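A.B. asks: One structure is given below, represented as structure tokens, and several questions about it will come after.
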Amino acid sequence: MYHELTVWSRGIIMDKEARDVSSCVASAARSLGYHAENVSDYIDDPDRTNCLVRRYARFGDAPIVDRFVYENPHPDWVVLVEETIIKAVDFLRGTPERAGVLVINSKRDPEYLLKFLPEQMRARLARFVVVDAVGLAEQRGDSPWMFVRNLSELAFDRMSTEGAEERLAIGLGVAAPLLGALVAATGVLPVDAVAAVVADRDAMLRGAAGHAVIDLTAAAGSGPAAAPGTTAGPGTSATAPATAR
Amino acid sequence: MSVRGTRIPPHLRLPIAGVTPPPTEKEGQRLFPTGNFRFYRPVYRDKTPPCNNACPTGEQIQKYLDFVKHDRFLDGYLTICADNPMPSVTGRVCYHPCETACNRGEHDEPIGIRSVERFLGDYGLALPENPIAGDLPELNGTTVAIVGSGPAGLACAYHLRRRGYPSVIFEALEKPGGMLRAGIPHWHLPEEILDAEIAKLTSLGGIDIRCGVRAGEDISWEELRAYPAAFLALGQDVGRRLPVDGAGSRGVVGALEFLREAGLGRPVTVGRRVLVVGGGNTASDAARSAIRLGGGEAIIVSLESETELLVVPEDLAQAREEGVVLAANTAVVRVNAAKGHVTGAVVCQARLARDGSGTVVPHLVPGTEREVPCDTIMIAIGQVQQLAWLPAHLSDGGVITADEHGRVEGNVFVGGDVMRGPSMVVDALGDGKRAARDIDRVLTAQALAADPEPEIMPYQGLNPAYFRHAPRIPVPLAPPEQRRRSQTAEVTLAYSREQAVAESDRCMSCGVCNGCDNCYIVCPDVSVLRDTRENGHYSIRTTYCKGCLVCVQECPTGALEKVPELDFDEPGDVVRMQTAFAPYEGAHAEQSAFTRQLIEQTIAEYDAARAAPAAPGASAAPGAVTAGGAEG
């Protein structure tokens with residue numbers, strides 16, 4: 001068993017959210033006895049506002065060999081902290097066929113979002129997960145940029161994007177529901193084990209319960225992603241795109 | 001540091017620096033389609049400026065101010081004339097709802113739009129040839145009947161003419177113009193200006209004005225209905241009577257009747273002490289005309305308090321300069337007369353009140369009566385119209401009833417004061433324009449529909465940092481002592497050309513791109529283009545624009561908007577970057593096939609260039625330099 005998680009985000013303004021997702025997955029995996037690694041990104045200019053940046057985690061039951069390779073060569077879990085990235089790059093490069101789980105933070109209709117994925121990208125996906133993490137997160141501050149933080153926190157975080165110091169607890173804001181949706185939709189790590197390392201446990205559980213999943217394995221081989229049926233991911237009940245709050 | 005367990009792939013050693021083309025070059029922009037970064041896409045979308053929206057005729061005020069700013073007066077004039085047939089008239093008499101709505105009022109002072117309009121109108125009238133006549137369609141022979149040659153009727157005829165319809169206008173008085181002539185004094189609107197504007201319209205051909213034809217007497221409802229379509233714009237010219245004792249005495253006249261006689265150039269006399277009853281603009285006009293004619297004094301007695309007055313504040317200020325006295329919160333209780341002629345009026349304190357249906361009910365304060373001596377009393381407490389000649393179900397209390405499109409029944413439309421009650425000239429002009437459009441629609445079997453709700457640009461949407469505070473150029477006025485003596489000398493004077501240009505230059509162009517080049521200048525990524533123009537001025541290079549939104553933030557007018565990138569889902573919208581982000585499966589430092597090819601090619605070219613000069617002779621190190629020398 002070996003999984004690679006790549007979290008796509010934007011430099012500075014939502015870098016912490018991405019880092020929280022990857023580090024919570026890695027630390028939960030480690031607490032469960034797996035070999036796990038959380039890798040910061042020094043390649044994508046993480047000091048530049050709004051730039052696309054990535055965070056990586058990987059875990060498995062065998063020791064990890066490529067310890068000093070930043071990028072995940074075969075990410076089977078991919079999280080987009082911000083919906084627009086779906087248009088940006090081929091974030092599923094290296095993902096094994098029909099094995100990927102893509103989690104997107106968006107309040108849009110999953111079918112609408114799926115339109116932006118070309119056939120060769122869909123072919124790599126097993127599940128397409130949409131969670132309204134902004135709606136499910138605990139609102140703090142009034143920042144127009146990063147959804148649930150305010151500008152003073154953001155200013156502080158500019159100095160800590162390289163992980164030198166964390167002022168805030170890990171797993172707050174949109175990171176929590178994103179983690180919930182990811183863990184529930186993948187079904188590899190127990191939700192409770194991950195919830196134990198997430199600061200905003202409630203929001204994480206809200207994300208675990210309130211997300212929409214499109215199962216693309218059913219559509220395998222039958223042309224363009226048909227079967228728009230929303231199915232439940234493992235360990236979660238099927239819900240409409242989460243707009244619960 | 002231990003390197004145990006570390007496996008650094010050999011390709012990490014590949015040199016890549018200096019091979020990547022800079023993004024300002026065309027190849028760079030193709031290689032780095034960074035447009036896919038965007039959160040938001042900047043989009044040029046013009047909104048409706050509040051002035052345009054406030055103008056009942058829908059004048060494109062921002063547009064003509066922009067023309068004036070650039071000395072393009074003819075274009076400005078034609079822009080006005082697309083909506084308003086008589087800018088020289090409205091440039092003098094309009095109560096400028098546009099200036100009231102002007103966003104600049106929140107910044108410093110509103111633009112003097114009316115004065116610029118007057119400048120353009122007079123510019124157009126002074127042209128040797130009527131510039132509107134040039135591109136009118138041929139007349140189509142479907143004649144529309146119009147009752148009343150006031151602003152509504154004339155505007156309707158003009159806009160019908162622009163659509164190719166001839167019209168015949170029935171005017172009850174001996175000269176055309178309606179309230180423009182019979183209600184507005186010459187010191188406000190000179191007769192020659194009105195005549196010139198009407199002559200400009202009739203010279204277009206197809207507009208037949210028949211004076212001395214009173215609807216209901218000289219032409220019947222049935223005859224009007226026989227036309228393919230008709231527009232009723234007969235105004236309201238019957239003044240209400242004052243319901244007090246002694247109101248029948250000699251010397252008690254209707255202010256409207258007084259203004260009409262004076263406006264038509266008939267001999268009128270007023271006394272030296274004139275009392276004008278009413279709180280509207282007719283009262284103020286009548287009082288000011290009375291001072292000019294009688295040389296005496298005039299008192300306006302109004303039920304309204306000074307803040308409730310319907311008189312436009314600037315008119316009231318001018319009236320006071322000329323010596324008009326305002327007795328606010330006062331009502332006439334009784335008119336005193338001797339030998340049948342007015343000697344004075346008993347007034348008392350009062351205030352305005354309305355009953356449930358909105359009818360004015362004076363609230364008198366007993367015990368405050370006092371007598372004011374006077375020899376003329378003018379009544380300006382509202383007006384109605386004689387509509388007994390119409391079928392009874394079509395009129396109600398002196399106005400003609402209509403549906404929301406101003407349609408009375410069949411192909412008959414109504415507009416102006418006879419539909420809405422006493423209102424502004426520009427309202428009537430707007431009604432005429434709207435009626436012409438709707439008549440065209442019913443005659444061509446189209447459905448009537450209201451205009452879509454416009455999106456109005458608020459001041460908060462502008463970037464005020466770009467607009468230096470600049471005071472409004474005051475409207476020039478004739479000195480009060482001169483004004484008091486002449487019935488024809490204009491009170492309000494014109495802007496000079498320089499003043500008109502300078503005042504237009506204050507326009508903030510709310511919500512409409514005026515090509516200021518600011519986005520073009522501030523874009524840090526050379527993504528605002530002027531050679532391919534989406535909005536007439538610029539376009540956005542969407543494949544490269546990163547959505548930093550500097551242009552949106554720095555757009556002075558607010559014409560640039562940010563739209564969430566995911567709102568765009570046209571095919572071809574997605575350009576995924578191939579070069580950045582570990583372009584091939586594996587690790588970050590290896591390049592995509594394309595980039596690797598580029599690198600190898602560049603290195604080969606570099607090597608070839610170095611090798612070439614030495615080629616004929618013997619090389620110092622033969623075979624050391626070979627094409628594609630980089631280690632794969």
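We label chains A, B, ... in the order they appear in the structure tokens, count residues from 1 in each chain, and number ligands from 1 in the order shown.
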Which residues of chain A come within 12 Å of chain B, and what is each one's closest atom pair and distance in Å (one decimal), counting only C-alpha atoms, sorted by chain and residue number, as JSON lines?
C.D. replies:
{"residue": "A:Trp8", "atom": "CA", "partner": "B:Phe581", "partner_atom": "CA", "distance": 10.9}
{"residue": "A:Ser9", "atom": "CA", "partner": "B:Phe37", "partner_atom": "CA", "distance": 10.5}
{"residue": "A:Arg10", "atom": "CA", "partner": "B:Phe37", "partner_atom": "CA", "distance": 9.1}
{"residue": "A:Gly11", "atom": "CA", "partner": "B:Phe37", "partner_atom": "CA", "distance": 11.2}
{"residue": "A:Asp41", "atom": "CA", "partner": "B:His588", "partner_atom": "CA", "distance": 11.1}
{"residue": "A:Tyr42", "atom": "CA", "partner": "B:His588", "partner_atom": "CA", "distance": 10.9}
{"residue": "A:Ile43", "atom": "CA", "partner": "B:His588", "partner_atom": "CA", "distance": 8.2}
{"residue": "A:Asp44", "atom": "CA", "partner": "B:Phe581", "partner_atom": "CA", "distance": 7.6}
{"residue": "A:Asp45", "atom": "CA", "partner": "B:Phe581", "partner_atom": "CA", "distance": 11.1}
{"residue": "A:Arg48", "atom": "CA", "partner": "B:Cys548", "partner_atom": "CA", "distance": 11.8}
{"residue": "A:Thr49", "atom": "CA", "partner": "B:Cys548", "partner_atom": "CA", "distance": 9.5}
{"residue": "A:Asn50", "atom": "CA", "partner": "B:Phe37", "partner_atom": "CA", "distance": 8.0}
{"residue": "A:Cys51", "atom": "CA", "partner": "B:Phe37", "partner_atom": "CA", "distance": 7.2}
{"residue": "A:Leu52", "atom": "CA", "partner": "B:Phe37", "partner_atom": "CA", "distance": 6.9}
{"residue": "A:Val53", "atom": "CA", "partner": "B:Phe581", "partner_atom": "CA", "distance": 9.1}
{"residue": "A:Arg54", "atom": "CA", "partner": "B:Phe581", "partner_atom": "CA", "distance": 9.3}
{"residue": "A:Pro63", "atom": "CA", "partner": "B:Gly5", "partner_atom": "CA", "distance": 9.5}
{"residue": "A:Ile64", "atom": "CA", "partner": "B:Gly5", "partner_atom": "CA", "distance": 8.5}
{"residue": "A:Val65", "atom": "CA", "partner": "B:Gly5", "partner_atom": "CA", "distance": 6.2}
{"residue": "A:Asp66", "atom": "CA", "partner": "B:Arg7", "partner_atom": "CA", "distance": 6.0}
{"residue": "A:Arg67", "atom": "CA", "partner": "B:Thr6", "partner_atom": "CA", "distance": 6.1}
{"residue": "A:Phe68", "atom": "CA", "partner": "B:Thr6", "partner_atom": "CA", "distance": 6.3}
{"residue": "A:Val69", "atom": "CA", "partner": "B:Ala587", "partner_atom": "CA", "distance": 7.1}
{"residue": "A:Tyr70", "atom": "CA", "partner": "B:His588", "partner_atom": "CA", "distance": 7.7}
{"residue": "A:Glu71", "atom": "CA", "partner": "B:Ala587", "partner_atom": "CA", "distance": 5.9}
{"residue": "A:Asn72", "atom": "CA", "partner": "B:Ala587", "partner_atom": "CA", "distance": 7.5}
{"residue": "A:Pro73", "atom": "CA", "partner": "B:Gly586", "partner_atom": "CA", "distance": 4.5}
{"residue": "A:His74", "atom": "CA", "partner": "B:Gly586", "partner_atom": "CA", "distance": 7.6}
{"residue": "A:Pro75", "atom": "CA", "partner": "B:Glu585", "partner_atom": "CA", "distance": 10.3}
{"residue": "A:Glu82", "atom": "CA", "partner": "B:Phe39", "partner_atom": "CA", "distance": 8.6}
{"residue": "A:Glu83", "atom": "CA", "partner": "B:Leu566", "partner_atom": "CA", "distance": 7.8}
{"residue": "A:Thr84", "atom": "CA", "partner": "B:Phe39", "partner_atom": "CA", "distance": 5.8}
{"residue": "A:Ile85", "atom": "CA", "partner": "B:Phe37", "partner_atom": "CA", "distance": 6.9}
{"residue": "A:Ile86", "atom": "CA", "partner": "B:Leu566", "partner_atom": "CA", "distance": 8.7}
{"residue": "A:Lys87", "atom": "CA", "partner": "B:Val574", "partner_atom": "CA", "distance": 5.6}
{"residue": "A:Ala88", "atom": "CA", "partner": "B:Asn36", "partner_atom": "CA", "distance": 4.2}
{"residue": "A:Val89", "atom": "CA", "partner": "B:Arg576", "partner_atom": "CA", "distance": 4.6}
{"residue": "A:Asp90", "atom": "CA", "partner": "B:Arg576", "partner_atom": "CA", "distance": 6.6}
{"residue": "A:Phe91", "atom": "CA", "partner": "B:Phe581", "partner_atom": "CA", "distance": 8.7}
{"residue": "A:Leu92", "atom": "CA", "partner": "B:Glu585", "partner_atom": "CA", "distance": 9.8}
{"residue": "A:Arg93", "atom": "CA", "partner": "B:Glu585", "partner_atom": "CA", "distance": 6.2}
{"residue": "A:Gly94", "atom": "CA", "partner": "B:Glu585", "partner_atom": "CA", "distance": 5.1}
{"residue": "A:Thr95", "atom": "CA", "partner": "B:Glu585", "partner_atom": "CA", "distance": 8.9}
{"residue": "A:Pro96", "atom": "CA", "partner": "B:Glu585", "partner_atom": "CA", "distance": 10.9}
{"residue": "A:Ser106", "atom": "CA", "partner": "B:Leu566", "partner_atom": "CA", "distance": 10.3}
{"residue": "A:Lys107", "atom": "CA", "partner": "B:Leu566", "partner_atom": "CA", "distance": 11.4}
{"residue": "A:Arg108", "atom": "CA", "partner": "B:Leu566", "partner_atom": "CA", "distance": 9.3}
{"residue": "A:Asp109", "atom": "CA", "partner": "B:Leu566", "partner_atom": "CA", "distance": 11.4}
{"residue": "A:Tyr112", "atom": "CA", "partner": "B:Asp569", "partner_atom": "CA", "distance": 8.8}
{"residue": "A:Leu113", "atom": "CA", "partner": "B:Leu566", "partner_atom": "CA", "distance": 8.3}
{"residue": "A:Leu114", "atom": "CA", "partner": "B:Asp569", "partner_atom": "CA", "distance": 11.0}
{"residue": "A:Lys115", "atom": "CA", "partner": "B:Asp569", "partner_atom": "CA", "distance": 8.1}
{"residue": "A:Phe116", "atom": "CA", "partner": "B:Val574", "partner_atom": "CA", "distance": 7.5}
{"residue": "A:Leu117", "atom": "CA", "partner": "B:Val574", "partner_atom": "CA", "distance": 9.3}
{"residue": "A:Pro118", "atom": "CA", "partner": "B:Val574", "partner_atom": "CA", "distance": 9.7}
{"residue": "A:Met121", "atom": "CA", "partner": "B:Arg576", "partner_atom": "CA", "distance": 11.8}
{"residue": "A:Trp145", "atom": "CA", "partner": "B:Phe39", "partner_atom": "CA", "distance": 10.3}
{"residue": "A:Met146", "atom": "CA", "partner": "B:Phe39", "partner_atom": "CA", "distance": 11.9}
A.B. asks: Create the file for the chosen residues now, containing C-alpha atoms and written as a compact mmCIF listing (two decimals), in the first residue's frame.
C.D. replies:
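Full text of result.txt as output:
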# COMPACT_ATOMS: atom_id res chain seq x y z
CA TRP A 8 -2.48 22.36 -5.55
CA SER A 9 -2.85 25.84 -4.21
CA ARG A 10 -1.73 29.40 -4.67
CA GLY A 11 1.35 31.03 -3.28
CA ASP A 41 7.51 22.93 -2.16
CA TYR A 42 10.61 24.89 -3.05
CA ILE A 43 10.15 24.71 -6.78
CA ASP A 44 7.04 26.66 -7.61
CA ASP A 45 8.05 30.05 -6.20
CA ARG A 48 4.92 34.70 -4.89
CA THR A 49 1.36 35.67 -4.30
CA ASN A 50 -1.20 33.77 -6.32
CA CYS A 51 1.37 31.56 -8.05
CA LEU A 52 0.41 27.92 -8.46
CA VAL A 53 2.17 25.95 -5.72
CA ARG A 54 2.05 22.37 -4.58
CA PRO A 63 10.02 2.83 3.62
CA ILE A 64 9.92 5.68 1.17
CA VAL A 65 12.81 5.61 -1.27
CA ASP A 66 12.68 8.97 -3.06
CA ARG A 67 13.07 11.00 0.08
CA PHE A 68 14.67 13.99 -1.58
CA VAL A 69 12.53 14.18 -4.65
CA TYR A 70 10.05 16.89 -4.04
CA GLU A 71 7.44 16.01 -6.58
CA ASN A 72 5.13 13.07 -6.38
CA PRO A 73 5.70 11.14 -9.57
CA HIS A 74 2.39 9.28 -9.40
CA PRO A 75 -0.09 11.19 -7.28
CA GLU A 82 -9.11 26.59 -5.23
CA GLU A 83 -11.47 25.69 -8.04
CA THR A 84 -9.90 27.69 -10.87
CA ILE A 85 -6.86 25.43 -10.90
CA ILE A 86 -9.03 22.89 -12.70
CA LYS A 87 -8.45 24.96 -15.82
CA ALA A 88 -4.78 25.55 -15.22
CA VAL A 89 -2.47 22.58 -15.60
CA ASP A 90 -2.49 18.84 -15.99
CA PHE A 91 -2.53 18.10 -12.29
CA LEU A 92 -3.18 14.42 -13.02
CA ARG A 93 0.12 13.87 -14.78
CA GLY A 94 1.48 10.56 -13.53
CA THR A 95 -1.74 9.48 -11.90
CA PRO A 96 -2.41 5.81 -12.64
CA SER A 106 -15.95 24.64 -5.02
CA LYS A 107 -19.59 25.39 -4.58
CA ARG A 108 -20.29 24.88 -8.24
CA ASP A 109 -22.17 22.01 -9.75
CA TYR A 112 -20.17 21.78 -14.60
CA LEU A 113 -16.68 21.39 -13.17
CA LEU A 114 -16.21 18.02 -14.81
CA LYS A 115 -16.64 19.70 -18.18
CA PHE A 116 -13.23 21.28 -17.80
CA LEU A 117 -11.45 17.92 -17.66
CA PRO A 118 -10.54 16.47 -21.04
CA MET A 121 -7.59 13.42 -17.57
CA TRP A 145 -8.74 36.50 -0.74
CA MET A 146 -8.22 33.49 1.34
A.B. asks: Find the residues near Arg210 in chain B: any atom within 12 Å, counting only C-alpha atoms, skip ones fewer than 4 places away on the same chain, and give them as a compact mmCIF listing (two decimals) with N, CA and C atoms, in the first residue's frame.
C.D. replies:
# COMPACT_ATOMS: atom_id res chain seq x y z
N ALA B 145 -51.00 60.67 -36.58
CA ALA B 145 -51.60 61.91 -36.07
C ALA B 145 -51.05 62.19 -34.69
N ILE B 146 -50.69 63.46 -34.45
CA ILE B 146 -50.17 63.86 -33.15
C ILE B 146 -50.99 65.06 -32.69
N VAL B 147 -51.49 65.00 -31.47
CA VAL B 147 -52.26 66.12 -30.93
C VAL B 147 -51.36 66.89 -29.98
N GLY B 148 -51.08 68.13 -30.33
CA GLY B 148 -50.25 68.97 -29.48
C GLY B 148 -48.85 69.08 -30.02
N SER B 149 -48.38 70.33 -30.12
CA SER B 149 -47.03 70.53 -30.65
C SER B 149 -46.09 70.98 -29.55
N SER B 167 -45.81 62.63 -40.19
CA SER B 167 -46.79 62.87 -39.14
C SER B 167 -47.47 64.20 -39.38
N VAL B 168 -48.65 64.32 -38.81
CA VAL B 168 -49.36 65.59 -38.85
C VAL B 168 -49.68 65.97 -37.40
N ILE B 169 -49.30 67.20 -37.05
CA ILE B 169 -49.47 67.65 -35.67
C ILE B 169 -50.61 68.67 -35.64
N PHE B 170 -51.57 68.45 -34.75
CA PHE B 170 -52.68 69.40 -34.57
C PHE B 170 -52.40 70.25 -33.34
N GLU B 171 -52.30 71.56 -33.54
CA GLU B 171 -51.98 72.47 -32.45
C GLU B 171 -53.14 73.44 -32.28
N ALA B 172 -53.59 73.59 -31.04
CA ALA B 172 -54.76 74.43 -30.79
C ALA B 172 -54.41 75.92 -30.91
N LEU B 173 -53.23 76.30 -30.47
CA LEU B 173 -52.84 77.71 -30.49
C LEU B 173 -52.40 78.12 -31.89
N GLU B 174 -52.11 79.43 -32.03
CA GLU B 174 -51.78 79.89 -33.37
C GLU B 174 -50.31 79.65 -33.73
N LYS B 175 -49.50 79.29 -32.74
CA LYS B 175 -48.10 78.98 -33.03
C LYS B 175 -47.74 77.66 -32.37
N PRO B 176 -46.82 76.92 -32.98
CA PRO B 176 -46.44 75.64 -32.36
C PRO B 176 -45.50 75.85 -31.17
N GLY B 177 -45.40 74.82 -30.37
CA GLY B 177 -44.47 74.88 -29.24
C GLY B 177 -45.11 74.47 -27.93
N THR B 202 -39.13 70.87 -38.69
CA THR B 202 -40.03 70.85 -39.85
C THR B 202 -39.23 70.78 -41.15
N ARG B 214 -58.06 72.63 -32.67
CA ARG B 214 -58.20 72.17 -31.29
C ARG B 214 -58.89 70.81 -31.29
N ALA B 215 -58.26 69.85 -30.66
CA ALA B 215 -58.85 68.53 -30.59
C ALA B 215 -60.15 68.60 -29.82
N ASP B 218 -62.14 71.03 -33.48
CA ASP B 218 -61.87 71.04 -34.91
C ASP B 218 -61.53 69.65 -35.45
N ILE B 219 -61.19 68.76 -34.56
CA ILE B 219 -60.93 67.39 -35.02
C ILE B 219 -61.46 66.46 -33.92
A.B. asks: I'd like the contact shell of Pro110 in chain A - 8 Å cut-off, only C-alpha atoms, skipping same-chain residues fewer than 5 positions apart - returned as a count of residues only.
C.D. replies: 5
A.B. asks: Among range 24-93 of chain A, which residues carry a DSSP assignment of strand (DSSP E or B), reported as a PyMOL selection string?
C.D. replies: chain A and resi 35-39+52-60+77-80
A.B. asks: Skip range 345-357 of chain B itself and residues of its chain fewer than 3 positions away, then list as a PyMOL selection string all residues within 6 Å of it, counting only C-alpha atoms.
C.D. replies: chain B and resi 303-304+329-336+360-365+368-372
A.B. asks: Restricting the output to N, CA and C atoms, write the selected residues as an mmCIF file, in the first residue's frame.
C.D. replies:
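Generated file (out37.cif):
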data_model
loop_
_atom_site.group_PDB
_atom_site.id
_atom_site.type_symbol
_atom_site.label_atom_id
_atom_site.label_comp_id
_atom_site.auth_asym_id
_atom_site.auth_seq_id
_atom_site.Cartn_x
_atom_site.Cartn_y
_atom_site.Cartn_z
ATOM 1 N N LEU B 303 -48.304 77.031 0.243
ATOM 2 C CA LEU B 303 -48.710 76.197 1.357
ATOM 3 C C LEU B 303 -47.510 75.389 1.856
ATOM 4 N N GLU B 304 -46.641 75.051 0.927
ATOM 5 C CA GLU B 304 -45.483 74.252 1.271
ATOM 6 C C GLU B 304 -44.491 75.067 2.089
ATOM 7 N N ASN B 329 -45.446 78.339 3.886
ATOM 8 C CA ASN B 329 -46.410 77.897 4.904
ATOM 9 C C ASN B 329 -47.516 78.915 5.120
ATOM 10 N N THR B 330 -48.042 79.387 4.019
ATOM 11 C CA THR B 330 -49.080 80.413 4.083
ATOM 12 C C THR B 330 -50.184 80.035 3.104
ATOM 13 N N ALA B 331 -51.422 80.336 3.483
ATOM 14 C CA ALA B 331 -52.533 80.039 2.592
ATOM 15 C C ALA B 331 -53.397 81.273 2.446
ATOM 16 N N VAL B 332 -54.011 81.424 1.268
ATOM 17 C CA VAL B 332 -54.962 82.513 1.047
ATOM 18 C C VAL B 332 -56.317 82.063 1.559
ATOM 19 N N VAL B 333 -56.902 82.858 2.457
ATOM 20 C CA VAL B 333 -58.193 82.507 3.037
ATOM 21 C C VAL B 333 -59.326 83.176 2.269
ATOM 22 N N ARG B 334 -59.053 84.405 1.829
ATOM 23 C CA ARG B 334 -60.129 85.188 1.229
ATOM 24 C C ARG B 334 -59.483 86.255 0.349
ATOM 25 N N VAL B 335 -60.159 86.609 -0.713
ATOM 26 C CA VAL B 335 -59.682 87.696 -1.565
ATOM 27 C C VAL B 335 -60.570 88.900 -1.310
ATOM 28 N N ASN B 336 -59.951 90.017 -0.965
ATOM 29 C CA ASN B 336 -60.716 91.254 -0.742
ATOM 30 C C ASN B 336 -60.794 92.024 -2.046
ATOM 31 N N VAL B 360 -54.370 67.423 -1.844
ATOM 32 C CA VAL B 360 -53.867 68.432 -0.911
ATOM 33 C C VAL B 360 -55.018 68.963 -0.060
ATOM 34 N N VAL B 361 -54.815 68.947 1.253
ATOM 35 C CA VAL B 361 -55.800 69.502 2.192
ATOM 36 C C VAL B 361 -55.073 70.535 3.044
ATOM 37 N N PRO B 362 -55.321 71.810 2.826
ATOM 38 C CA PRO B 362 -54.587 72.814 3.607
ATOM 39 C C PRO B 362 -54.945 72.720 5.085
ATOM 40 N N HIS B 363 -53.935 72.826 5.892
ATOM 41 C CA HIS B 363 -54.101 72.803 7.337
ATOM 42 C C HIS B 363 -53.926 74.232 7.829
ATOM 43 N N LEU B 364 -55.005 74.934 8.096
ATOM 44 C CA LEU B 364 -54.912 76.356 8.445
ATOM 45 C C LEU B 364 -54.753 76.513 9.950
ATOM 46 N N VAL B 365 -54.021 77.540 10.342
ATOM 47 C CA VAL B 365 -53.872 77.848 11.764
ATOM 48 C C VAL B 365 -54.794 79.030 12.066
ATOM 49 N N THR B 368 -54.339 83.463 12.841
ATOM 50 C CA THR B 368 -53.105 84.064 12.315
ATOM 51 C C THR B 368 -53.389 84.858 11.051
ATOM 52 N N GLU B 369 -54.657 85.160 10.807
ATOM 53 C CA GLU B 369 -54.994 85.861 9.571
ATOM 54 C C GLU B 369 -54.403 87.266 9.567
ATOM 55 N N ARG B 370 -53.965 87.670 8.360
ATOM 56 C CA ARG B 370 -53.524 89.050 8.171
ATOM 57 C C ARG B 370 -53.816 89.405 6.736
ATOM 58 N N GLU B 371 -53.934 90.704 6.477
ATOM 59 C CA GLU B 371 -54.257 91.108 5.118
ATOM 60 C C GLU B 371 -52.999 91.575 4.403
ATOM 61 N N VAL B 372 -52.869 91.137 3.155
ATOM 62 C CA VAL B 372 -51.754 91.578 2.323
ATOM 63 C C VAL B 372 -52.347 92.368 1.172
#
A.B. asks: Using only C-alpha atoms, I'd like a table of the residues in range 182-210 of chain A that come within 10 Å of range 30-39 of chain A; for each, show the closest atom pair and its distance in Å rounded to one decimal, ordered by chain and ascending number, as CSV.
C.D. replies:
residue,atom,partner,partner_atom,distance
A:Leu189,CA,A:Leu32,CA,8.6
A:Pro190,CA,A:Leu32,CA,9.4
A:Ala193,CA,A:Leu32,CA,7.7
A:Val194,CA,A:Ser31,CA,9.1
A:Ala196,CA,A:Ser31,CA,9.8
A:Val197,CA,A:Ser31,CA,9.2
A.B. asks: Can you tell me, as a compact mmCIF listing (two decimals) with C-alpha atoms, in the first residue's frame, which residues in range 2-206 of chain A count as alpha helix (DSSP H) by DSSP?
C.D. replies:
# COMPACT_ATOMS: atom_id res chain seq x y z
CA ASP A 15 -0.46 28.21 0.89
CA LYS A 16 -1.14 27.35 4.50
CA GLU A 17 -4.37 25.62 3.59
CA ALA A 18 -2.53 23.35 1.20
CA ARG A 19 0.23 22.69 3.69
CA ASP A 20 -2.29 21.82 6.38
CA VAL A 21 -3.97 19.26 4.15
CA SER A 22 -0.74 17.48 3.29
CA SER A 23 0.77 17.62 6.75
CA CYS A 24 -2.39 16.33 8.44
CA VAL A 25 -2.54 13.38 6.07
CA ALA A 26 1.13 12.63 6.67
CA SER A 27 0.99 12.94 10.43
CA ALA A 28 -2.23 10.90 10.66
CA ALA A 29 -0.61 8.20 8.53
CA ARG A 30 2.46 8.24 10.70
CA SER A 31 0.35 7.98 13.83
CA PRO A 110 -19.85 18.95 -10.05
CA GLU A 111 -21.09 18.25 -13.56
CA TYR A 112 -20.17 21.78 -14.60
CA LEU A 113 -16.68 21.39 -13.17
CA LEU A 114 -16.21 18.02 -14.81
CA GLU A 119 -11.02 12.79 -21.70
CA GLN A 120 -7.41 11.78 -20.98
CA MET A 121 -7.59 13.42 -17.57
CA ARG A 122 -10.93 11.85 -16.73
CA ALA A 133 -15.05 23.89 1.89
CA VAL A 134 -15.54 27.63 2.15
CA GLY A 135 -19.14 27.12 3.14
CA LEU A 136 -18.29 24.36 5.59
CA LEU A 151 -5.59 40.03 6.39
CA SER A 152 -3.59 40.33 9.56
CA GLU A 153 -3.24 36.59 9.78
CA LEU A 154 -2.39 36.53 6.15
CA ALA A 155 0.32 39.11 6.69
CA PHE A 156 1.77 36.98 9.45
CA ASP A 157 1.60 33.90 7.30
CA ARG A 158 3.60 35.57 4.58
CA MET A 159 6.60 35.20 6.82
CA ALA A 175 -8.21 22.88 5.12
CA ALA A 176 -10.48 21.05 7.57
CA PRO A 177 -13.47 20.31 5.31
CA LEU A 178 -11.10 19.58 2.43
CA LEU A 179 -9.37 16.99 4.60
CA GLY A 180 -12.71 15.54 5.59
CA ALA A 181 -13.83 15.14 2.01
CA LEU A 182 -10.48 13.70 0.95
CA VAL A 183 -10.28 11.15 3.74
CA ALA A 184 -13.89 10.09 3.38
CA ALA A 185 -13.77 9.82 -0.40
CA THR A 186 -10.53 7.83 -0.46
CA VAL A 191 -11.78 9.49 9.45
CA ASP A 192 -11.35 9.47 13.22
CA ALA A 193 -7.61 9.01 13.04
CA VAL A 194 -7.24 12.02 10.77
CA ALA A 195 -9.74 14.04 12.77
CA ARG A 201 -12.38 18.70 13.99
CA ASP A 202 -16.01 19.75 13.50
CA ALA A 203 -15.40 21.37 10.15
CA MET A 204 -13.39 18.33 9.10
CA LEU A 205 -16.33 16.07 9.92
CA ARG A 206 -18.67 18.41 8.10
